[in-house]
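> Contents of work_14.cif (mmCIF, C-alpha atoms) are given next:
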```
data_coords
#
loop_
_atom_site.label_atom_id
_atom_site.label_comp_id
_atom_site.auth_asym_id
_atom_site.auth_seq_id
_atom_site.Cartn_x
_atom_site.Cartn_y
_atom_site.Cartn_z
CA MET U 1 0.00 0.00 0.00
CA LYS U 2 1.50 3.34 -1.10
CA LYS U 3 1.99 6.14 1.44
CA LEU U 4 0.15 9.44 1.09
CA THR U 5 2.24 12.32 -0.19
CA ASN U 6 2.40 15.58 1.77
CA LYS U 7 0.56 17.39 -1.00
CA ARG U 8 -2.22 14.82 -0.86
CA LYS U 9 -2.39 15.13 2.95
CA ARG U 10 -2.76 18.92 2.76
CA TRP U 11 -5.54 18.57 0.21
CA LEU U 12 -7.37 16.03 2.39
CA ASP U 13 -7.06 18.32 5.42
CA SER U 14 -8.54 21.34 3.68
CA HIS U 15 -11.19 19.25 1.89
CA ALA U 16 -12.28 17.61 5.16
CA LYS U 17 -12.69 20.98 6.92
CA THR U 18 -14.79 22.40 4.07
CA THR U 19 -16.87 19.26 3.75
CA HIS U 20 -17.46 19.10 7.47
CA ARG U 21 -18.54 22.76 7.65
CA LYS U 22 -20.97 22.26 4.76
CA GLU U 23 -22.32 19.08 6.28
CA LEU U 24 -22.89 20.71 9.65
CA LYS U 25 -24.84 23.50 7.98
CA ARG U 26 -26.97 20.99 6.13
CA GLY U 27 -27.25 18.71 9.19
CA LEU U 28 -30.74 19.83 10.09
CA LYS U 29 -32.16 18.84 6.73
CA TRP U 30 -30.85 15.32 6.61
CA ASP U 31 -29.06 13.03 8.95
CA ARG U 32 -25.69 11.83 7.90
CA THR U 33 -24.93 8.33 8.97
CA THR U 34 -22.73 6.48 6.57
CA PHE U 35 -21.26 3.07 7.05
CA VAL U 36 -18.55 1.44 5.04
CA ASP U 37 -17.34 -2.10 4.96
CA TYR U 38 -13.68 -1.35 5.44
CA SER U 39 -12.56 -4.69 4.03
CA GLN U 40 -14.33 -3.99 0.74
CA GLN U 41 -12.78 -0.56 0.16
CA SER U 42 -10.07 0.13 -2.38
CA ASP U 43 -6.55 0.83 -1.16
CA SER U 44 -6.93 4.56 -1.78
CA SER U 45 -10.19 4.67 0.21
CA LYS U 46 -8.58 2.77 3.07
CA ARG U 47 -5.67 5.22 3.08
CA ARG U 48 -8.06 8.16 3.15
CA LEU U 49 -10.11 6.67 6.01
CA ASP U 50 -7.02 5.77 8.03
CA TYR U 51 -5.62 9.24 7.52
CA GLN U 52 -8.81 11.03 8.48
CA THR U 53 -9.28 9.03 11.65
CA SER U 54 -5.61 9.25 12.59
CA LYS U 55 -5.54 13.02 12.21
CA ASN U 56 -8.48 13.53 14.61
CA LYS U 57 -10.79 14.70 11.87
CA TYR U 58 -13.29 12.47 13.60
CA ASP U 59 -13.75 11.43 17.18
CA VAL U 60 -13.15 7.75 16.78
CA LEU U 61 -15.36 5.66 18.98
CA ILE U 62 -14.36 2.04 19.31
CA PRO U 63 -17.03 -0.12 20.92
CA PRO U 64 -16.17 -2.98 23.28
CA LYS U 65 -15.13 -6.18 21.48
CA ASN U 66 -18.06 -7.91 23.18
CA PHE U 67 -20.74 -5.60 21.80
CA SER U 68 -23.77 -7.00 23.57
CA LEU U 69 -26.03 -5.25 26.05
CA PHE U 70 -27.14 -8.49 27.68
CA SER U 71 -23.74 -10.07 28.20
CA ASN U 72 -21.64 -6.89 28.61
CA PRO U 73 -24.09 -4.18 29.74
CA GLU U 74 -21.79 -1.87 31.74
CA LYS U 75 -19.15 -1.32 29.07
CA VAL U 76 -21.63 -1.07 26.21
CA LEU U 77 -23.86 1.44 28.05
CA SER U 78 -20.81 3.47 29.03
CA PHE U 79 -19.77 3.48 25.37
CA PHE U 80 -23.18 4.76 24.25
CA SER U 81 -23.17 7.58 26.78
CA ASN U 82 -19.85 8.72 25.27
CA ILE U 83 -21.50 8.91 21.83
CA MET U 84 -24.19 11.25 23.16
CA THR U 85 -21.56 13.47 24.77
CA ASP U 86 -19.43 13.72 21.65
CA VAL U 87 -22.31 14.41 19.29
CA ARG U 88 -23.69 17.05 21.63
CA TRP U 89 -20.47 19.00 21.17
CA GLY U 90 -20.92 18.91 17.38
CA ASN U 91 -17.92 16.69 16.78
CA PRO U 92 -17.94 14.43 13.74
CA VAL U 93 -17.94 10.85 14.97
CA TYR U 94 -16.45 7.71 13.45
CA PHE U 95 -17.92 4.51 14.85
CA ASP U 96 -15.22 1.91 14.26
CA MET U 97 -16.81 -1.52 14.56
CA LYS U 98 -13.86 -3.36 12.99
CA PRO U 99 -12.54 -4.78 16.34
CA ILE U 100 -15.87 -6.31 17.41
CA THR U 101 -15.62 -10.08 17.93
CA ASN U 102 -19.00 -10.71 19.57
CA LEU U 103 -22.02 -8.82 18.31
CA SER U 104 -25.61 -9.02 19.38
CA ILE U 105 -28.39 -7.10 17.75
CA ASP U 106 -29.69 -5.55 20.99
CA ALA U 107 -26.73 -3.16 20.96
CA ILE U 108 -27.32 -2.37 17.29
CA MET U 109 -30.98 -1.65 17.96
CA TYR U 110 -30.08 0.70 20.80
CA PHE U 111 -27.60 2.43 18.49
CA LEU U 112 -30.35 2.92 15.88
CA ALA U 113 -32.61 4.34 18.60
CA ILE U 114 -29.89 6.85 19.49
CA LEU U 115 -29.49 7.90 15.85
CA GLN U 116 -33.24 8.35 15.49
CA GLY U 117 -33.34 10.37 18.67
CA LEU U 118 -30.59 12.64 17.39
CA LYS U 119 -32.50 13.17 14.17
CA TYR U 120 -35.62 14.21 16.06
CA LYS U 121 -33.62 16.48 18.34
CA GLY U 122 -32.46 18.30 15.24
CA ALA U 123 -28.88 17.68 16.27
CA ARG U 124 -26.33 18.57 13.63
CA TYR U 125 -24.16 15.54 13.42
CA ASN U 126 -21.85 13.78 11.08
CA PHE U 127 -21.64 10.10 11.86
CA ARG U 128 -19.60 7.58 9.97
CA GLY U 129 -18.56 4.08 10.70
CA SER U 130 -17.22 0.79 9.50
CA SER U 131 -18.53 -2.75 9.74
CA PRO U 132 -16.88 -5.45 11.86
CA SER U 133 -13.90 -7.28 10.39
CA ASP U 134 -15.11 -10.56 11.86
CA LYS U 135 -17.08 -12.37 9.13
CA ARG U 136 -19.68 -13.82 11.45
CA CYS U 137 -20.36 -10.46 13.08
CA ARG U 138 -20.48 -8.72 9.72
CA HIS U 139 -22.94 -11.28 8.37
CA LEU U 140 -25.15 -10.85 11.44
CA LEU U 141 -25.08 -7.06 11.02
CA GLU U 142 -25.99 -7.30 7.34
CA SER U 143 -28.79 -9.80 7.86
CA SER U 144 -30.25 -7.80 10.76
CA GLY U 145 -31.45 -5.10 8.38
CA PHE U 146 -29.24 -2.44 9.98
CA PHE U 147 -28.10 -1.10 6.60
CA SER U 148 -31.65 -0.25 5.56
CA TYR U 149 -31.64 2.33 8.36
CA VAL U 150 -28.36 4.04 7.38
CA GLN U 151 -26.61 5.08 4.17
CA SER U 152 -24.03 2.56 3.16
CA LYS U 153 -21.09 2.84 0.84
CA SER U 154 -20.52 -0.89 1.01
CA ARG U 155 -21.57 -3.47 -1.49
CA VAL U 156 -24.02 -4.94 0.99
CA ASP U 157 -26.22 -7.72 -0.22
CA LEU U 158 -29.57 -6.89 1.35
CA LYS U 159 -31.07 -10.21 0.40
CA HIS U 160 -33.12 -11.45 3.30
CA ASP U 161 -31.66 -14.10 5.51
CA THR U 162 -34.39 -16.70 6.03
CA GLU U 163 -33.22 -17.36 9.57
CA VAL U 164 -34.09 -13.89 10.84
CA VAL U 165 -36.86 -11.35 10.75
CA GLN U 166 -35.01 -8.10 10.23
CA ILE U 167 -35.20 -5.17 12.63
CA ALA U 168 -38.65 -3.64 12.51
CA SER U 169 -39.64 -0.44 14.26
CA GLY U 170 -42.72 1.64 14.88
CA SER U 171 -44.49 3.84 17.36
CA ARG U 172 -47.96 2.29 17.36
CA THR U 173 -49.25 -1.17 18.12
CA GLU U 174 -48.96 -3.03 14.81
CA PRO U 175 -50.92 -6.30 14.67
CA SER U 176 -49.66 -7.00 11.13
CA VAL U 177 -46.01 -6.92 12.29
CA VAL U 178 -46.80 -9.20 15.21
CA LYS U 179 -48.64 -11.57 12.88
CA ASP U 180 -45.51 -11.80 10.69
CA LEU U 181 -43.35 -12.63 13.72
CA CYS U 182 -45.84 -15.26 14.83
CA ASP U 183 -46.03 -16.76 11.33
CA PHE U 184 -42.22 -16.94 11.27
CA SER U 185 -42.23 -18.72 14.64
CA MET U 186 -44.92 -21.16 13.52
CA ALA U 187 -42.99 -22.00 10.35
CA LYS U 188 -39.60 -22.48 12.04
CA LEU U 189 -40.78 -24.38 15.13
CA LYS U 190 -43.64 -26.17 13.37
CA LEU U 191 -46.23 -24.81 15.76
CA ASP U 192 -49.88 -24.20 15.05
CA ARG U 193 -51.81 -20.98 15.61
CA ARG U 194 -53.13 -22.04 19.02
CA GLN U 195 -49.58 -22.54 20.30
CA ILE U 196 -48.47 -18.98 19.47
CA LYS U 197 -51.40 -17.14 21.01
CA LYS U 198 -49.37 -16.32 24.11
CA LEU U 199 -46.51 -15.06 21.94
CA TYR U 200 -48.95 -12.79 20.10
CA LEU U 201 -50.17 -11.42 23.41
CA ILE U 202 -46.62 -10.73 24.67
CA LEU U 203 -45.67 -8.70 21.61
CA ILE U 204 -48.89 -6.68 21.45
CA GLU U 205 -48.66 -5.86 25.16
CA LEU U 206 -45.07 -4.67 24.84
CA MET U 207 -45.93 -2.45 21.86
CA THR U 208 -48.94 -1.05 23.70
CA ASN U 209 -46.81 -0.30 26.76
CA THR U 210 -44.41 1.66 24.56
CA LYS U 211 -47.23 3.96 23.52
CA HIS U 212 -48.87 4.27 26.92
CA HIS U 213 -45.83 4.95 29.02
CA ALA U 214 -44.10 7.26 26.56
CA TYR U 215 -43.65 10.57 28.37
CA LYS U 216 -40.81 12.82 27.52
CA ASN U 217 -37.63 10.83 27.36
CA ARG U 218 -34.92 13.44 27.32
CA ALA U 219 -32.31 10.92 26.33
CA PHE U 220 -34.01 10.53 22.97
CA GLY U 221 -35.27 14.08 22.49
CA ARG U 222 -38.97 14.91 22.28
CA ALA U 223 -41.62 12.38 23.24
CA ILE U 224 -40.44 10.00 20.56
CA THR U 225 -41.08 6.54 21.73
CA ASN U 226 -40.48 3.77 19.34
CA TRP U 227 -40.26 0.08 19.64
CA TYR U 228 -37.77 -2.09 17.78
CA THR U 229 -37.95 -5.85 17.30
CA PHE U 230 -35.55 -8.45 16.01
CA VAL U 231 -36.22 -12.19 15.78
CA GLU U 232 -33.73 -14.95 14.99
CA TYR U 233 -34.11 -18.70 14.56
CA VAL U 234 -31.30 -20.62 16.29
CA GLU U 235 -31.07 -23.93 14.47
CA ARG U 236 -28.71 -25.71 16.89
CA LYS U 237 -31.17 -25.14 19.77
CA ASN U 238 -34.31 -25.29 17.63
CA SER U 239 -35.46 -22.12 19.32
CA ILE U 240 -36.36 -18.59 18.40
CA ARG U 241 -34.88 -15.61 20.18
CA PHE U 242 -36.75 -12.35 20.47
CA ILE U 243 -35.33 -8.94 21.24
CA PHE U 244 -37.69 -6.06 21.90
CA LEU U 245 -36.56 -2.52 22.68
CA ASP U 246 -38.77 0.36 23.67
CA THR U 247 -37.39 3.87 23.97
CA GLY U 248 -39.78 5.12 26.61
CA GLU U 249 -38.83 6.31 30.08
CA GLY U 250 -38.23 2.82 31.37
CA ILE U 251 -40.06 0.68 33.94
CA PRO U 252 -38.37 2.06 37.11
CA SER U 253 -39.12 5.64 36.01
CA THR U 254 -42.78 5.17 35.11
CA ILE U 255 -43.87 2.83 37.88
CA ARG U 256 -45.83 4.43 40.69
CA LYS U 257 -43.86 4.46 43.90
CA LYS U 258 -44.65 4.20 47.56
CA VAL U 259 -43.51 7.04 49.82
CA SER U 260 -40.80 4.86 51.38
CA GLU U 261 -39.46 4.01 47.93
CA ARG U 262 -39.31 7.69 46.96
CA VAL U 263 -37.29 8.41 50.10
CA ARG U 264 -34.91 5.53 49.36
CA ASN U 265 -34.62 6.83 45.78
CA LEU U 266 -33.53 10.23 47.00
CA ILE U 267 -30.73 8.80 49.09
CA GLY U 268 -29.72 6.26 46.44
CA LEU U 269 -30.73 3.13 48.28
CA GLN U 270 -33.65 1.96 46.14
CA SER U 271 -32.95 -0.93 43.78
CA GLN U 272 -34.26 -0.36 40.27
CA THR U 273 -34.22 -4.08 39.61
CA ASP U 274 -36.77 -4.43 42.41
CA TYR U 275 -39.12 -2.14 40.50
CA ILE U 276 -38.89 -4.41 37.46
CA ILE U 277 -39.59 -7.47 39.63
CA SER U 278 -42.51 -5.69 41.27
CA ALA U 279 -43.99 -4.74 37.89
CA LEU U 280 -43.62 -8.34 36.70
CA ASN U 281 -45.31 -9.67 39.83
CA GLY U 282 -48.13 -7.15 39.55
CA ASP U 283 -47.52 -6.21 43.16
CA PHE U 284 -50.06 -3.78 44.52
CA GLU U 285 -52.84 -2.46 42.37
CA PHE U 286 -51.39 0.99 42.27
CA ARG U 287 -48.18 0.06 40.46
CA SER U 288 -49.69 1.17 37.17
CA SER U 289 -48.65 4.75 36.52
CA THR U 290 -52.23 5.52 35.44
CA GLY U 291 -53.49 4.79 38.94
CA LYS U 292 -56.29 2.62 37.57
CA HIS U 293 -56.62 -0.82 39.12
CA TYR U 294 -57.60 -2.45 35.83
CA ARG U 295 -54.42 -1.27 34.08
CA GLY U 296 -50.90 -2.62 34.31
CA LYS U 297 -51.77 -6.27 33.68
CA GLY U 298 -49.50 -6.78 30.67
CA LEU U 299 -46.16 -7.43 32.40
CA PRO U 300 -47.68 -9.79 35.02
CA LYS U 301 -49.22 -11.77 32.16
CA ILE U 302 -45.81 -12.04 30.47
CA ASN U 303 -44.29 -13.10 33.77
CA SER U 304 -46.90 -15.84 34.17
CA PHE U 305 -45.92 -17.23 30.74
CA TYR U 306 -42.30 -17.21 31.88
CA LYS U 307 -43.09 -19.02 35.14
CA GLU U 308 -45.06 -21.70 33.33
CA LYS U 309 -42.06 -22.03 30.94
CA TYR U 310 -43.87 -21.04 27.78
CA ILE U 311 -40.95 -18.64 27.20
CA LYS U 312 -37.45 -19.07 28.62
CA ASP U 313 -34.45 -16.93 29.55
CA LEU U 314 -36.56 -13.82 30.07
CA THR U 315 -34.17 -10.91 30.59
CA ILE U 316 -35.09 -7.28 31.08
CA ILE U 317 -32.83 -4.24 31.25
CA SER U 318 -34.50 -0.95 32.05
CA ASN U 319 -32.76 2.17 33.35
CA GLN U 320 -30.30 0.69 35.86
CA GLY U 321 -32.36 -2.40 36.57
CA TYR U 322 -31.25 -5.80 35.25
CA PHE U 323 -33.58 -8.78 35.67
CA SER U 324 -32.70 -12.28 34.57
CA GLU U 325 -32.52 -15.87 35.82
CA ARG U 326 -28.85 -15.55 36.66
CA THR U 327 -28.62 -12.06 38.11
CA ASN U 328 -30.87 -9.39 39.60
CA ASN U 329 -28.44 -6.59 40.35
CA ASP U 330 -28.56 -2.94 39.44
CA LEU U 331 -26.19 -1.60 36.82
CA ARG U 332 -23.94 1.43 37.31
CA ASN U 333 -24.80 2.76 33.83
CA LYS U 334 -28.28 3.50 32.58
CA LEU U 335 -30.26 2.23 29.60
CA SER U 336 -32.91 4.71 28.47
CA GLY U 337 -36.05 2.71 27.90
CA ALA U 338 -36.58 -1.03 28.32
CA LEU U 339 -34.94 -3.96 26.57
CA PHE U 340 -36.54 -7.42 26.62
CA TYR U 341 -35.11 -10.76 25.57
CA TRP U 342 -36.70 -14.20 25.62
CA GLU U 343 -36.57 -17.51 23.81
CA LEU U 344 -39.36 -19.70 22.49
CA TYR U 345 -38.91 -23.45 22.06
CA ARG U 346 -41.03 -26.00 20.30
CA ASN U 347 -42.03 -27.82 23.48
CA MET S 1 -85.79 -20.52 24.93
CA ALA S 2 -83.22 -17.71 24.60
CA LYS S 3 -82.48 -16.24 21.21
CA TYR S 4 -78.86 -15.61 20.35
CA LYS S 5 -77.18 -12.87 18.41
CA THR S 6 -73.59 -13.77 17.60
CA ILE S 7 -70.41 -11.81 17.13
CA LYS S 8 -67.65 -13.98 15.67
CA ILE S 9 -64.62 -11.77 16.24
CA VAL S 10 -62.36 -13.27 13.55
CA LYS S 11 -65.06 -12.78 10.89
CA ASP S 12 -66.81 -9.61 12.06
CA PHE S 13 -63.78 -7.66 13.29
CA SER S 14 -60.25 -9.04 12.78
CA GLY S 15 -58.09 -12.11 13.28
CA THR S 16 -55.22 -9.96 14.55
CA LEU S 17 -56.22 -7.75 17.42
CA GLY S 18 -54.52 -4.63 18.67
CA GLY S 19 -54.07 -2.69 21.87
CA ARG S 20 -56.39 -0.84 24.20
CA TYR S 21 -57.28 2.50 22.63
CA LYS S 22 -57.93 3.61 19.06
CA THR S 23 -54.86 5.83 19.32
CA ASP S 24 -52.72 2.77 20.01
CA GLY S 25 -53.20 1.43 16.52
CA PRO S 26 -55.59 -0.66 14.41
CA TYR S 27 -58.16 -3.16 15.75
CA SER S 28 -58.12 -1.87 19.32
CA GLY S 29 -60.41 -2.93 22.15
CA GLU S 30 -61.98 0.51 22.20
CA LEU S 31 -62.81 0.29 18.49
CA PHE S 32 -64.28 -3.19 18.91
CA ARG S 33 -66.44 -2.01 21.76
CA GLU S 34 -67.69 1.10 19.97
CA GLN S 35 -68.24 -0.42 16.54
CA LEU S 36 -69.52 -3.86 17.35
CA LEU S 37 -69.99 -4.78 20.96
CA ARG S 38 -71.98 -1.84 22.30
CA PRO S 39 -74.36 -1.50 19.31
CA ALA S 40 -75.10 -5.22 19.50
CA PHE S 41 -75.57 -5.02 23.28
CA ASP S 42 -77.89 -2.01 23.00
CA SER S 43 -80.03 -3.73 20.39
CA LEU S 44 -80.71 -6.83 22.48
CA LYS S 45 -84.36 -7.38 23.14
CA ASP S 46 -85.78 -9.09 26.22
CA ALA S 47 -84.51 -12.65 26.67
CA GLU S 48 -81.97 -12.20 23.86
CA ILE S 49 -78.36 -13.19 24.53
CA LEU S 50 -75.26 -11.91 22.79
CA LEU S 51 -72.85 -14.76 22.06
CA ILE S 52 -69.20 -13.79 21.59
CA ASP S 53 -67.18 -16.34 19.64
CA PHE S 54 -63.45 -15.98 20.37
CA ASP S 55 -62.14 -18.78 18.14
CA GLY S 56 -60.00 -18.30 15.04
CA THR S 57 -57.80 -15.33 15.95
CA TYR S 58 -54.10 -15.06 16.74
CA GLY S 59 -54.83 -14.27 20.36
CA TYR S 60 -56.37 -11.80 22.79
CA PRO S 61 -54.13 -9.18 24.39
CA THR S 62 -55.17 -8.43 27.97
CA SER S 63 -55.50 -4.71 27.30
CA PHE S 64 -57.79 -5.41 24.31
CA LEU S 65 -60.10 -7.58 26.41
CA GLU S 66 -60.13 -5.18 29.33
CA GLU S 67 -61.01 -2.16 27.25
CA ALA S 68 -63.64 -4.02 25.21
CA PHE S 69 -65.46 -5.95 27.93
CA GLY S 70 -64.35 -4.09 31.03
CA GLY S 71 -65.20 -0.89 29.23
CA LEU S 72 -68.70 -2.21 28.48
CA ALA S 73 -69.14 -3.15 32.13
CA ARG S 74 -68.15 0.36 33.18
CA LEU S 75 -70.85 1.78 30.90
CA PHE S 76 -73.52 -0.59 32.18
CA LYS S 77 -73.35 -2.72 35.31
CA PRO S 78 -71.18 -5.83 35.48
CA GLU S 79 -74.18 -7.93 36.52
CA GLU S 80 -76.20 -6.75 33.52
CA VAL S 81 -73.35 -7.45 31.12
CA LEU S 82 -72.75 -10.94 32.54
CA GLU S 83 -76.45 -11.70 32.29
CA LYS S 84 -76.72 -10.76 28.62
CA LEU S 85 -73.33 -11.96 27.32
CA LYS S 86 -72.29 -15.56 26.72
CA PHE S 87 -68.92 -16.71 25.42
CA LYS S 88 -67.53 -19.45 23.21
CA SER S 89 -63.82 -20.32 23.18
CA ASP S 90 -63.00 -23.89 22.16
CA GLU S 91 -59.36 -23.02 21.32
CA GLU S 92 -58.67 -21.35 24.63
CA PRO S 93 -61.19 -22.41 27.30
CA GLY S 94 -59.49 -20.38 30.05
CA LEU S 95 -60.28 -17.21 28.15
CA ILE S 96 -63.95 -17.30 29.19
CA GLU S 97 -63.11 -17.16 32.89
CA GLU S 98 -60.60 -14.39 32.23
CA VAL S 99 -63.19 -12.25 30.45
CA GLU S 100 -65.79 -12.89 33.14
CA ASN S 101 -63.29 -11.77 35.81
CA ILE S 102 -62.49 -8.66 33.79
CA ILE S 103 -66.20 -7.80 33.69
CA LYS S 104 -66.69 -8.46 37.43
CA ASN S 105 -63.70 -6.29 38.39
CA ALA S 106 -64.43 -3.49 35.97
CA THR S 107 -65.22 -0.58 38.25
CA GLU S 108 -63.71 2.91 38.05
#
```
Produce structure tokens that represent the structure in this file.

Amino acid sequence: MKKLTNKRKRWLDSHAKTTHRKELKRGLKWDRTTFVDYSQQSDSSKRRLDYQTSKNKYDVLIPPKNFSLFSNPEKVLSFFSNIMTDVRWGNPVYFDMKPITNLSIDAIMYFLAILQGLKYKGARYNFRGSSPSDKRCRHLLESSGFFSYVQSKSRVDLKHDTEVVQIASGSRTEPSVVKDLCDFSMAKLKLDRRQIKKLYLILIELMTNTKHHAYKNRAFGRAITNWYTFVEYVERKNSIRFIFLDTGEGIPSTIRKKVSERVRNLIGLQSQTDYIISALNGDFEFRSSTGKHYRGKGLPKINSFYKEKYIKDLTIISNQGYFSERTNNDLRNKLSGALFYWELYRN
Amino acid sequence: MAKYKTIKIVKDFSGTLGGRYKTDGPYSGELFREQLLRPAFDSLKDAEILLIDFDGTYGYPTSFLEEAFGGLARLFKPEEVLEKLKFKSDEEPGLIEEVENIIKNATE
């Protein structure tokens, strides 16, 4: 690979400054999120990218190698809070995913939620990135449907992977989307319609909760509350994994609290995970933020399906709360909204 | 002998049901109650029974059921609703008891 000449470097410097100024001015009209598959670029493009990132033209953000909210929540959440800080200062950001060796789509969905939030905030930002070098991670990213949400300079084959249902998003309850996810589950696990009724209920309730407990989530700008779903068939386990993200205020924030809990909150002694557990158990009629006794039945219903083993490995991260079979401890870092994971098996 | 009017939800409304309110999205419990359930309930004559057939759909979200049937019970009295409504659910027998409990507990 040839080295850049000094003349070429000076041209790139001045061109980058002009381009960046123009892009910042135009930032309000269109978001600028461009991803490249580094491995597919020509030598000259690689040299240009390496030079721009090395010369601090961009704030280079390198995510943790284990880029998964469920298995590595603290480091991944800390990484995302750095993105918000950098973009707020108007710095162009380069999201370098090349070093990632373990990728799960929950982190990608949260990243998309952040980008959408920035767009609605009217933030002027210039966001570029590169795909993972690891083939398996890159394939998962491509098949997830991530590139249909951003501009891509890569030769990405957007042909649908039949083992996944790509990331879908919305703000309302969408029965047609849920029907598609249920049909996918029936086809892969050879279930009939009666056996997926509970799955249908889970997904509709989660979408409805997104709309009802929206409020103003400052982390994502105005009252923009979206849900995101991703579904994947895991052949070796003959199971289907579901990931559902909602960008509302989060369960610990919206749940109604007793006076004693508010006091413990103020002095930092109240566990947020306990709020999630309480919402799942349907403890006390007044837990619903609406104050109506006939509301707030969705999460207890989902919990009952988990206890009777219709779904397995239920895991919930919301604000600093982390609920799962293996651990129920609060996190140091915060997730804005609520992230759900569960698996469905044939039996 | 009682006469029956029937609402078969999968045929008369939708096989894929939505959330609680019309603002939540399509095929909500509120829409079902306003468009189908309440008009049918209001038009019942003496000794007529309204039969709700739940079979054939993808499932019944709790918030849909609560807003549809609990909402009806909040407009009339739970006892009156339970007297005039009957339910059929061969695919999910437990659903009948769930709906009856929703109606009984549906006070403001």
> May I ask which of the residues S:Leu17, S:Val99, S:Ala40, S:Ile49 is the closest one to chain U, counting only C-alpha atoms?
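Of S:Leu17, S:Val99, S:Ala40, S:Ile49, the one nearest chain U, counting only C-alpha atoms, is S:Leu17.
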> If you take only C-alpha atoms and a cut-off of 12 Å, which residues of chain U touch chain S, and what are their nearest atom pairs and distances in Å to one decimal, in chain and number order, as a Markdown table?

```
| residue | atom | partner | partner_atom | distance |
| --- | --- | --- | --- | --- |
| U:Gly170 | CA | S:Gly25 | CA | 10.6 |
| U:Ser171 | CA | S:Asp24 | CA | 8.7 |
| U:Arg172 | CA | S:Gly25 | CA | 5.4 |
| U:Thr173 | CA | S:Gly25 | CA | 5.0 |
| U:Glu174 | CA | S:Gly25 | CA | 6.4 |
| U:Pro175 | CA | S:Gly18 | CA | 5.6 |
| U:Ser176 | CA | S:Thr16 | CA | 7.2 |
| U:Val177 | CA | S:Thr16 | CA | 10.0 |
| U:Val178 | CA | S:Thr16 | CA | 8.5 |
| U:Lys179 | CA | S:Thr16 | CA | 7.0 |
| U:Asp180 | CA | S:Thr16 | CA | 10.6 |
| U:Leu181 | CA | S:Tyr58 | CA | 11.4 |
| U:Cys182 | CA | S:Tyr58 | CA | 8.5 |
| U:Asp183 | CA | S:Tyr58 | CA | 9.9 |
| U:Met186 | CA | S:Tyr58 | CA | 11.5 |
| U:Asp192 | CA | S:Tyr58 | CA | 10.2 |
| U:Arg193 | CA | S:Tyr58 | CA | 6.4 |
| U:Arg194 | CA | S:Glu91 | CA | 6.7 |
| U:Gln195 | CA | S:Tyr58 | CA | 9.4 |
| U:Ile196 | CA | S:Tyr58 | CA | 7.4 |
| U:Lys197 | CA | S:Gly59 | CA | 4.5 |
| U:Lys198 | CA | S:Gly59 | CA | 6.9 |
| U:Leu199 | CA | S:Gly59 | CA | 8.5 |
| U:Tyr200 | CA | S:Gly59 | CA | 6.1 |
| U:Leu201 | CA | S:Pro61 | CA | 4.7 |
| U:Ile202 | CA | S:Pro61 | CA | 7.7 |
| U:Leu203 | CA | S:Pro61 | CA | 8.9 |
| U:Ile204 | CA | S:Pro61 | CA | 6.5 |
| U:Glu205 | CA | S:Pro61 | CA | 6.4 |
| U:Leu206 | CA | S:Gly19 | CA | 9.7 |
| U:Met207 | CA | S:Gly19 | CA | 8.1 |
| U:Thr208 | CA | S:Gly19 | CA | 5.7 |
| U:Asn209 | CA | S:Gly19 | CA | 9.1 |
| U:Thr210 | CA | S:Asp24 | CA | 9.5 |
| U:Lys211 | CA | S:Asp24 | CA | 6.6 |
| U:His212 | CA | S:Asp24 | CA | 8.1 |
| U:His213 | CA | S:Asp24 | CA | 11.6 |
| U:Ala214 | CA | S:Asp24 | CA | 11.7 |
| U:Gly291 | CA | S:Glu108 | CA | 10.4 |
| U:Lys292 | CA | S:Glu108 | CA | 7.4 |
| U:His293 | CA | S:Glu108 | CA | 8.1 |
| U:Tyr294 | CA | S:Ala106 | CA | 6.9 |
| U:Arg295 | CA | S:Ser63 | CA | 7.7 |
| U:Gly296 | CA | S:Ser63 | CA | 8.6 |
| U:Lys297 | CA | S:Thr62 | CA | 7.0 |
| U:Gly298 | CA | S:Thr62 | CA | 6.5 |
| U:Leu299 | CA | S:Thr62 | CA | 10.1 |
| U:Pro300 | CA | S:Thr62 | CA | 10.4 |
| U:Lys301 | CA | S:Thr62 | CA | 8.0 |
| U:Ile302 | CA | S:Thr62 | CA | 10.3 |
```
> Residues at most 6 Å from stretch 240-245 of chain U, counting all atoms listed in the file, excluding those fewer than 4 positions away in the same chain, as a PyMOL selection string?
chain U and resi 227-234+338-344
> Generate the output file for the selected residues, C-alpha atoms, as a short mmCIF file (atom, residue, chain, number, x, y, z; two decimals), in the coordinates of the input.

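Contents of the output file again_27.cif:
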```
data_model
loop_
_atom_site.label_atom_id
_atom_site.label_comp_id
_atom_site.auth_asym_id
_atom_site.auth_seq_id
_atom_site.Cartn_x
_atom_site.Cartn_y
_atom_site.Cartn_z
CA TRP U 227 -40.26 0.08 19.64
CA TYR U 228 -37.77 -2.09 17.78
CA THR U 229 -37.95 -5.85 17.30
CA PHE U 230 -35.55 -8.45 16.01
CA VAL U 231 -36.22 -12.19 15.78
CA GLU U 232 -33.73 -14.95 14.99
CA TYR U 233 -34.11 -18.70 14.56
CA VAL U 234 -31.30 -20.62 16.29
CA ALA U 338 -36.58 -1.03 28.32
CA LEU U 339 -34.94 -3.96 26.57
CA PHE U 340 -36.54 -7.42 26.62
CA TYR U 341 -35.11 -10.76 25.57
CA TRP U 342 -36.70 -14.20 25.62
CA GLU U 343 -36.57 -17.51 23.81
CA LEU U 344 -39.36 -19.70 22.49
#
```
> Which residues, named as in the file, does the PyMOL selection byres ((chain U and resi 324) around 12) pick out? Answer as a PyMOL selection string.
chain U and resi 70-71+273-274+276-277+280+303+306+312-318+321-323+325-330+339-342
